[in-house]
Amino acid sequence: MLSTDFVTGAPNWLDLGSPDTAASANFYGGVFGWDFQSAGPDAGGYGFFQKDGKTVAALGPLTEEGASPAWTVYFQTPDADATAKAVEQAGGTVRVEPFDVMEAGRMACLTDPGGAEFSVWQPAATKGLEATSEDNTLLWAELHVGDVPAALSFYRSLFGWRSQEMESPGMTYTVLSTAEGDQQNTSFGGLAPLQESMEPRWIPYFSVADADATVGRAQENGGSVIMPAADVPDVGRIAWLADPHGAPFAILKPDPRMA
């Protein structure tokens, strides 16, 4: 279960790159009830999605050349420069070299050897998200990739992740946990084999109280359904959605309820 007691390798930040931040703020406000708070005039249009005054994600304009609208998962690192160097040495790509984000922290934008993009966050004044694993917040991060064992080896070399395989309908699912703490309690995400027509990517899962109602709100606000709501035994009710600009994300009503 993802918490805000962030340790090395845990997802500690999440943001959306959008070609129209105002429209995206309206969409996610309609779906999850989030408010949008600008980070200020020097932030280049970047700002924070908030729930009950707590930051649950962030939003900014597309800044990389050729970038598509997408959610980016950030993982905690004690040293962004060392992690970026390790990514290159392990066959990945550094898309944006490490840099300081004012007094908030230090980050780098990376791509794993399988083609999935991610980022790392070295906290300073901003430790990370302020709420997770409750309704309408980040609950889980899932990587869909062509070579699961290779991806696991790559990320384990960066963060020391532990893993456990689970059999699910039609595939073997790999549950990920941080290197520290009880393995089950620190699980935060998973690895899944790439399906046809999918690109390698990290997908954020947001916890919801009612998956079907959330799907309905997404459609009413201009989003689309990638995978209709369906029950997964011992996991919950899941759906995959895309926002009006095509950025994919997933929702989960956990079973049993986690929060």
# chains A, B, ... in the order shown; residues from 1 in each chain; ligands from 1
call {"tool": "residues_around", "arguments": {"residues": "stretch 112-117 of chain A", "least_positions_apart": "3", "cutoff": "7 Å", "atoms": "only C-alpha atoms", "output": "PyMOL selection string"}}
result
chain A and resi 91-93+145-146+151+200-202
call {"tool": "write_last_selection", "arguments": {"atoms": "C-alpha atoms", "output": "short mmCIF file (atom, residue, chain, number, x, y, z; two decimals), in the first residue's frame"}}
result
data_model
loop_
_atom_site.label_atom_id
_atom_site.label_comp_id
_atom_site.auth_asym_id
_atom_site.auth_seq_id
_atom_site.Cartn_x
_atom_site.Cartn_y
_atom_site.Cartn_z
CA GLY A 91 21.00 0.79 -20.80
CA GLY A 92 18.38 3.44 -20.17
CA THR A 93 18.22 7.04 -21.38
CA VAL A 145 6.65 -3.61 -20.67
CA GLY A 146 7.75 -6.14 -23.27
CA ALA A 151 12.63 -4.44 -16.51
CA PRO A 200 5.59 0.52 -22.82
CA ARG A 201 4.51 2.89 -20.05
CA TRP A 202 3.87 3.44 -16.38
#
call {"tool": "select_by_dssp", "arguments": {"residues": "stretch 92-183 of chain A", "states": "alpha helix (DSSP H)", "output": "VMD selection string"}}
result
chain A and resid 148 to 159
call {"tool": "residues_around", "arguments": {"residues": "stretch 20-37 of chain A", "least_positions_apart": "2", "cutoff": "8 Å", "atoms": "only C-alpha atoms", "output": "list of chain:residue names"}}
result
A:Ser18, A:Ala39, A:Gly45, A:Gly47, A:Phe48, A:Phe49, A:Gln50, A:Lys51, A:Leu59, A:Gly60, A:Pro61, A:Asn136, A:Thr214, A:Arg217, A:Ala218, A:Asn221, A:Gly222, A:Gly223, A:Asp243, A:Pro244
call {"tool": "residues_around", "arguments": {"residues": "A:Ala131", "least_positions_apart": "6", "cutoff": "12 Å", "atoms": "only C-alpha atoms", "output": "PyMOL selection string"}}
result
chain A and resi 2-6+12-14+49-57+137-139+206-207+259
call {"tool": "select_by_dssp", "arguments": {"residues": "stretch 64-210 of chain A", "states": "strand (DSSP E or B)", "output": "PyMOL selection string"}}
result
chain A and resi 70-76+93-101+105-111+117-123+138-145+162-168+171-177+187-193+201-207
call {"tool": "closest_residue", "arguments": {"among": "A:Ala86, A:Ala179, A:Asp212, A:Ser119", "to": "A:Ala229", "atoms": "only C-alpha atoms"}}
result
A:Asp212
call {"tool": "residues_around", "arguments": {"residues": "A:Leu241", "least_positions_apart": "3", "cutoff": "9 Å", "atoms": "only C-alpha atoms", "output": "PDB file with C-alpha atoms, in the first residue's frame"}}
result
ATOM      1  CA  VAL A 215     -16.133   5.973 -15.554  1.00  0.00           C
ATOM      2  CA  ALA A 218     -14.901  10.670 -17.163  1.00  0.00           C
ATOM      3  CA  GLN A 219     -17.115  10.149 -20.218  1.00  0.00           C
ATOM      4  CA  GLY A 223     -12.741  11.310 -21.573  1.00  0.00           C
ATOM      5  CA  SER A 224     -12.820   7.852 -23.134  1.00  0.00           C
ATOM      6  CA  VAL A 225     -12.813   4.270 -21.907  1.00  0.00           C
ATOM      7  CA  ILE A 226      -9.804   2.099 -22.789  1.00  0.00           C
ATOM      8  CA  MET A 227     -10.905  -0.874 -20.689  1.00  0.00           C
ATOM      9  CA  PRO A 228     -14.423  -1.010 -19.216  1.00  0.00           C
ATOM     10  CA  GLY A 246      -5.376  10.963 -24.707  1.00  0.00           C
ATOM     11  CA  ALA A 247      -3.356  10.565 -21.493  1.00  0.00           C
ATOM     12  CA  PRO A 248      -4.154   7.116 -20.072  1.00  0.00           C
ATOM     13  CA  PHE A 249      -4.775   6.370 -16.412  1.00  0.00           C
ATOM     14  CA  ALA A 250      -6.532   3.706 -14.380  1.00  0.00           C
ATOM     15  CA  ILE A 251      -8.963   3.614 -11.476  1.00  0.00           C
TER      16      ILE A 251
END
call {"tool": "closest_residue", "arguments": {"among": "A:Thr132, A:Gln183, A:Thr83, A:Thr111", "to": "A:Ser157", "atoms": "only C-alpha atoms"}}
result
A:Thr83
call {"tool": "closest_residue", "arguments": {"among": "A:Met198, A:Ala242, A:Val120, A:Val175", "to": "A:His144", "atoms": "only C-alpha atoms"}}
result
A:Met198
call {"tool": "atom_distance", "arguments": {"atom1": "atom CA of A:Pro254", "atom2": "atom CA of A:Ala192"}}
result
18.4 Å
call {"tool": "residues_around", "arguments": {"residues": "A:Gly9", "least_positions_apart": "3", "cutoff": "9 Å", "atoms": "only C-alpha atoms", "output": "short mmCIF file (atom, residue, chain, number, x, y, z; two decimals) with N, CA and C atoms, in the first residue's frame"}}
result
data_model
loop_
_atom_site.label_atom_id
_atom_site.label_comp_id
_atom_site.auth_asym_id
_atom_site.auth_seq_id
_atom_site.Cartn_x
_atom_site.Cartn_y
_atom_site.Cartn_z
N PHE A 6 7.63 8.30 2.44
CA PHE A 6 8.39 7.91 1.27
C PHE A 6 9.80 7.43 1.64
N ASN A 12 6.85 8.95 -5.27
CA ASN A 12 6.65 10.06 -4.34
C ASN A 12 6.11 11.32 -5.02
N PHE A 75 9.95 8.49 -8.80
CA PHE A 75 10.38 7.62 -7.72
C PHE A 75 11.43 8.32 -6.87
N GLN A 76 11.36 8.10 -5.57
CA GLN A 76 12.26 8.79 -4.66
C GLN A 76 13.69 8.28 -4.80
N THR A 77 14.61 9.22 -4.81
CA THR A 77 16.03 8.89 -4.80
C THR A 77 16.75 9.82 -3.84
N VAL A 120 12.70 10.79 -11.51
CA VAL A 120 13.08 10.62 -10.11
C VAL A 120 13.02 11.97 -9.42
N TYR A 155 15.21 -1.92 -12.78
CA TYR A 155 14.75 -1.09 -11.66
C TYR A 155 15.32 -1.56 -10.32
N LEU A 158 18.52 0.05 -9.71
CA LEU A 158 18.41 1.46 -9.32
C LEU A 158 17.94 1.63 -7.88
N PHE A 159 16.92 0.86 -7.52
CA PHE A 159 16.20 1.12 -6.26
C PHE A 159 16.18 -0.04 -5.28
N GLY A 160 16.68 -1.20 -5.68
CA GLY A 160 16.66 -2.35 -4.78
C GLY A 160 15.29 -2.95 -4.56
N TRP A 161 14.38 -2.72 -5.50
CA TRP A 161 13.01 -3.23 -5.32
C TRP A 161 12.98 -4.74 -5.08
N SER A 177 7.75 -4.05 -4.34
CA SER A 177 7.85 -3.44 -3.02
C SER A 177 9.19 -2.72 -2.91
N THR A 178 9.24 -1.73 -2.04
CA THR A 178 10.50 -1.03 -1.81
C THR A 178 11.49 -1.95 -1.09
N ALA A 179 12.74 -1.53 -1.06
CA ALA A 179 13.78 -2.35 -0.43
C ALA A 179 13.65 -2.39 1.09
#
call {"tool": "closest_residue", "arguments": {"among": "A:Leu143, A:Val208, A:Leu176, A:Ala90", "to": "A:Pro193", "atoms": "only C-alpha atoms"}}
result
A:Leu143
call {"tool": "closest_atom_pairs", "arguments": {"of": "stretch 211-254 of chain A", "to": "stretch 168-173 of chain A", "cutoff": "12 Å", "atoms": "only C-alpha atoms", "output": "Markdown table"}}
result
| residue | atom | partner | partner_atom | distance |
| --- | --- | --- | --- | --- |
| A:Asp231 | CA | A:Pro169 | CA | 11.6 |
| A:Val232 | CA | A:Ser168 | CA | 8.7 |
| A:Pro233 | CA | A:Ser168 | CA | 8.8 |
| A:Asp234 | CA | A:Ser168 | CA | 10.2 |
| A:Val235 | CA | A:Ser168 | CA | 10.3 |
